[in-house]
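Following: one structure in structure tokens, then a few remarks.
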Amino acid sequence: LHARSGAVGAVALCWCAVQLERAPDETVGNLAAELARLATGLGGMEWCTALFGADGFRHDEPPQEVSSLAREVLLDLASSLVEQPRTSEQASVGWPAHSPPLARLVAAAVRGRRASCSHFWSEAESGGALGMLL
């Protein structure tokens, strides 16, 4: 049951990221907070991080298309979840850049993978949200 709830939590994280990027300023705070609460309660961030310890996804195994795509998607997810300024009174909505679960997710995604590290550094150098984790 834990793996299933973690996967559902990962879906809630993804929907939270979409809302953080697309929801109207007047509703994003409450909506994102509820989705974040659900995702956290279901272990979504931990499930995403644990994925990189599963067969076919570990850093010490040869890269495969699915594992490489998962790393790219989860780096993009982490980028969307980082607390970012918005144009409304909801100045900063999202996970703080110093959030340990967010840092663990990014570290797991880039560990031992040159392409993922390059993705991370490229975003950091261009002023992207992942750069705030440094």
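Residues are named by chain letter and number: chains run A, B, ... in the order of the structure tokens, numbers start at 1 in each chain, and ligands are numbered from 1 in the order shown.
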
Margin query: Env of region 24-38 of chain A: 6 Å cut, atoms = only C-alpha atoms, seq-sep filter 2 positions within chain, self excluded. Answer as a PyMOL selection string.
Written below: chain A and resi 12+16+40-41+88

Next item on the list: Pull the helix (DSSP H, G or I) assignments for chain A out of DSSP run on the backbone, and list those residues as a ChimeraX atom specification.
Entry: /A:2-22,25-41,44-51,65-81,100-110,114-125,129-133

Notebook entry, point to check: Excluding same-chain residues fewer than 6 positions from region 47-50 of chain A, what lies within 8 Å of it counting only C-alpha atoms, as a ChimeraX atom specification?
Noted result: /A:3,6-7,9-10,74,104-105,108-109

Note to self: Calculated over only C-alpha atoms, which of the candidates A:Ala107, A:Cys14, A:Val8, A:Leu51 has the smallest distance to Ala70 (chain A)?
What the structure shows: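 Nearest candidate to Ala70 (chain A) out of A:Ala107, A:Cys14, A:Val8, A:Leu51: A:Leu51.
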
Next item on the list: For Ala78 (chain A), list every protein, DNA or RNA residue within 8 Å, evaluated using only C-alpha atoms, and leave out those in the same chain fewer than 2 positions away; present the list as a list of chain:residue names.
Entry: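 After dropping sequence-adjacent residues, the list is A:Leu74, A:Leu75, A:Asp76, A:Ser80, A:Leu81, A:Val82, A:Leu102, A:Leu105, A:Val106, A:Leu130.
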
Would you mind exporting all heavy atoms of the selected residues as a short mmCIF file (atom, residue, chain, number, x, y, z; two decimals), in the first residue's frame?
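Generated output (selection_0.cif):
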data_model
loop_
_atom_site.label_atom_id
_atom_site.label_comp_id
_atom_site.auth_asym_id
_atom_site.auth_seq_id
_atom_site.Cartn_x
_atom_site.Cartn_y
_atom_site.Cartn_z
N LEU A 74 11.70 14.41 -13.58
CA LEU A 74 11.73 14.75 -12.16
C LEU A 74 12.59 15.99 -11.88
O LEU A 74 12.31 16.73 -10.94
CB LEU A 74 12.15 13.55 -11.32
CG LEU A 74 11.08 12.45 -11.27
CD1 LEU A 74 11.56 11.24 -10.49
CD2 LEU A 74 9.78 12.97 -10.69
N LEU A 75 13.59 16.25 -12.69
CA LEU A 75 14.33 17.51 -12.55
C LEU A 75 13.43 18.69 -12.93
O LEU A 75 13.43 19.72 -12.26
CB LEU A 75 15.59 17.51 -13.41
CG LEU A 75 16.78 16.75 -12.84
CD1 LEU A 75 17.92 16.70 -13.86
CD2 LEU A 75 17.27 17.37 -11.54
N ASP A 76 12.65 18.52 -13.99
CA ASP A 76 11.71 19.57 -14.37
C ASP A 76 10.65 19.76 -13.29
O ASP A 76 10.26 20.89 -12.99
CB ASP A 76 11.04 19.24 -15.71
CG ASP A 76 11.99 19.41 -16.88
OD1 ASP A 76 13.04 20.07 -16.74
OD2 ASP A 76 11.68 18.87 -17.96
N SER A 80 9.91 23.17 -11.02
CA SER A 80 8.60 23.81 -10.89
C SER A 80 8.16 23.93 -9.44
O SER A 80 7.36 24.81 -9.11
CB SER A 80 7.56 23.00 -11.66
OG SER A 80 7.83 23.01 -13.03
N LEU A 81 8.65 23.06 -8.58
CA LEU A 81 8.23 23.07 -7.18
C LEU A 81 8.98 24.08 -6.32
O LEU A 81 8.51 24.45 -5.25
CB LEU A 81 8.38 21.67 -6.57
CG LEU A 81 7.46 20.59 -7.13
CD1 LEU A 81 7.82 19.23 -6.52
CD2 LEU A 81 6.00 20.92 -6.89
N VAL A 82 10.15 24.52 -6.79
CA VAL A 82 10.94 25.47 -6.00
C VAL A 82 10.16 26.77 -5.84
O VAL A 82 9.54 27.26 -6.78
CB VAL A 82 12.30 25.76 -6.67
CG1 VAL A 82 13.05 26.87 -5.95
CG2 VAL A 82 13.15 24.50 -6.71
N LEU A 102 13.46 18.16 -1.29
CA LEU A 102 13.68 18.64 -2.65
C LEU A 102 15.14 18.45 -3.05
O LEU A 102 15.44 18.00 -4.16
CB LEU A 102 13.27 20.11 -2.76
CG LEU A 102 13.14 20.70 -4.15
CD1 LEU A 102 12.14 19.93 -4.99
CD2 LEU A 102 12.74 22.16 -4.06
N LEU A 105 15.77 14.79 -3.79
CA LEU A 105 15.23 14.41 -5.09
C LEU A 105 16.18 14.81 -6.22
O LEU A 105 16.51 14.01 -7.08
CB LEU A 105 13.85 15.04 -5.31
CG LEU A 105 13.24 14.86 -6.70
CD1 LEU A 105 13.06 13.39 -7.04
CD2 LEU A 105 11.93 15.61 -6.80
N VAL A 106 16.64 16.05 -6.19
CA VAL A 106 17.54 16.52 -7.23
C VAL A 106 18.86 15.76 -7.19
O VAL A 106 19.39 15.34 -8.23
CB VAL A 106 17.76 18.05 -7.12
CG1 VAL A 106 18.85 18.53 -8.06
CG2 VAL A 106 16.44 18.77 -7.41
N LEU A 130 16.24 25.72 -10.51
CA LEU A 130 17.14 24.74 -9.88
C LEU A 130 18.40 25.39 -9.33
O LEU A 130 19.00 24.90 -8.38
CB LEU A 130 17.51 23.63 -10.87
CG LEU A 130 16.42 22.61 -11.18
CD1 LEU A 130 16.91 21.60 -12.20
CD2 LEU A 130 15.93 21.91 -9.92
#

Item checked: Counting only C-alpha atoms, the option among A:Ala97, A:Ala54, A:Leu133, A:Leu69 closest to Arg113 (chain A) -> A:Leu69

Item checked: Residue contacts of Ala115 (chain A) (10 Å, only C-alpha atoms) excluding same-chain residues fewer than 5 positions away, as a ChimeraX atom specification -> /A:63,68,71-72,110,120-121

Quick one: write out the picked residues with N, CA, C and O atoms as a short mmCIF file (atom, residue, chain, number, x, y, z; two decimals), in the first residue's frame?
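So the final result, stored in result25.cif, reads:
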data_model
loop_
_atom_site.label_atom_id
_atom_site.label_comp_id
_atom_site.auth_asym_id
_atom_site.auth_seq_id
_atom_site.Cartn_x
_atom_site.Cartn_y
_atom_site.Cartn_z
N PRO A 63 22.65 3.65 -18.47
CA PRO A 63 21.48 4.49 -18.75
C PRO A 63 20.56 3.80 -19.75
O PRO A 63 21.01 3.15 -20.68
N SER A 68 16.44 7.60 -18.09
CA SER A 68 16.90 8.94 -18.46
C SER A 68 15.73 9.91 -18.55
O SER A 68 15.82 11.05 -18.09
N ARG A 71 14.55 10.84 -15.05
CA ARG A 71 15.43 11.83 -14.44
C ARG A 71 15.12 13.23 -14.96
O ARG A 71 15.03 14.18 -14.20
N GLU A 72 14.94 13.35 -16.26
CA GLU A 72 14.64 14.65 -16.86
C GLU A 72 13.30 15.19 -16.36
O GLU A 72 13.19 16.36 -15.99
N VAL A 110 20.43 13.43 -10.35
CA VAL A 110 21.67 13.74 -11.08
C VAL A 110 22.82 12.80 -10.76
O VAL A 110 23.80 12.75 -11.50
N PHE A 120 20.97 20.05 -15.01
CA PHE A 120 20.94 20.84 -13.78
C PHE A 120 21.77 22.11 -13.92
O PHE A 120 21.31 23.21 -13.64
N TRP A 121 23.04 21.95 -14.35
CA TRP A 121 23.94 23.10 -14.42
C TRP A 121 23.50 24.09 -15.50
O TRP A 121 23.65 25.30 -15.34
#

Notebook entry, point to check: From the set A:Ala129, A:Ala17, A:Val11, A:Ala23, which residue has the shortest atom-to-atom contact distance to Gly44 (chain A), counting only C-alpha atoms?
Noted result: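 Smallest separation from Gly44 (chain A) among the options: A:Val11.
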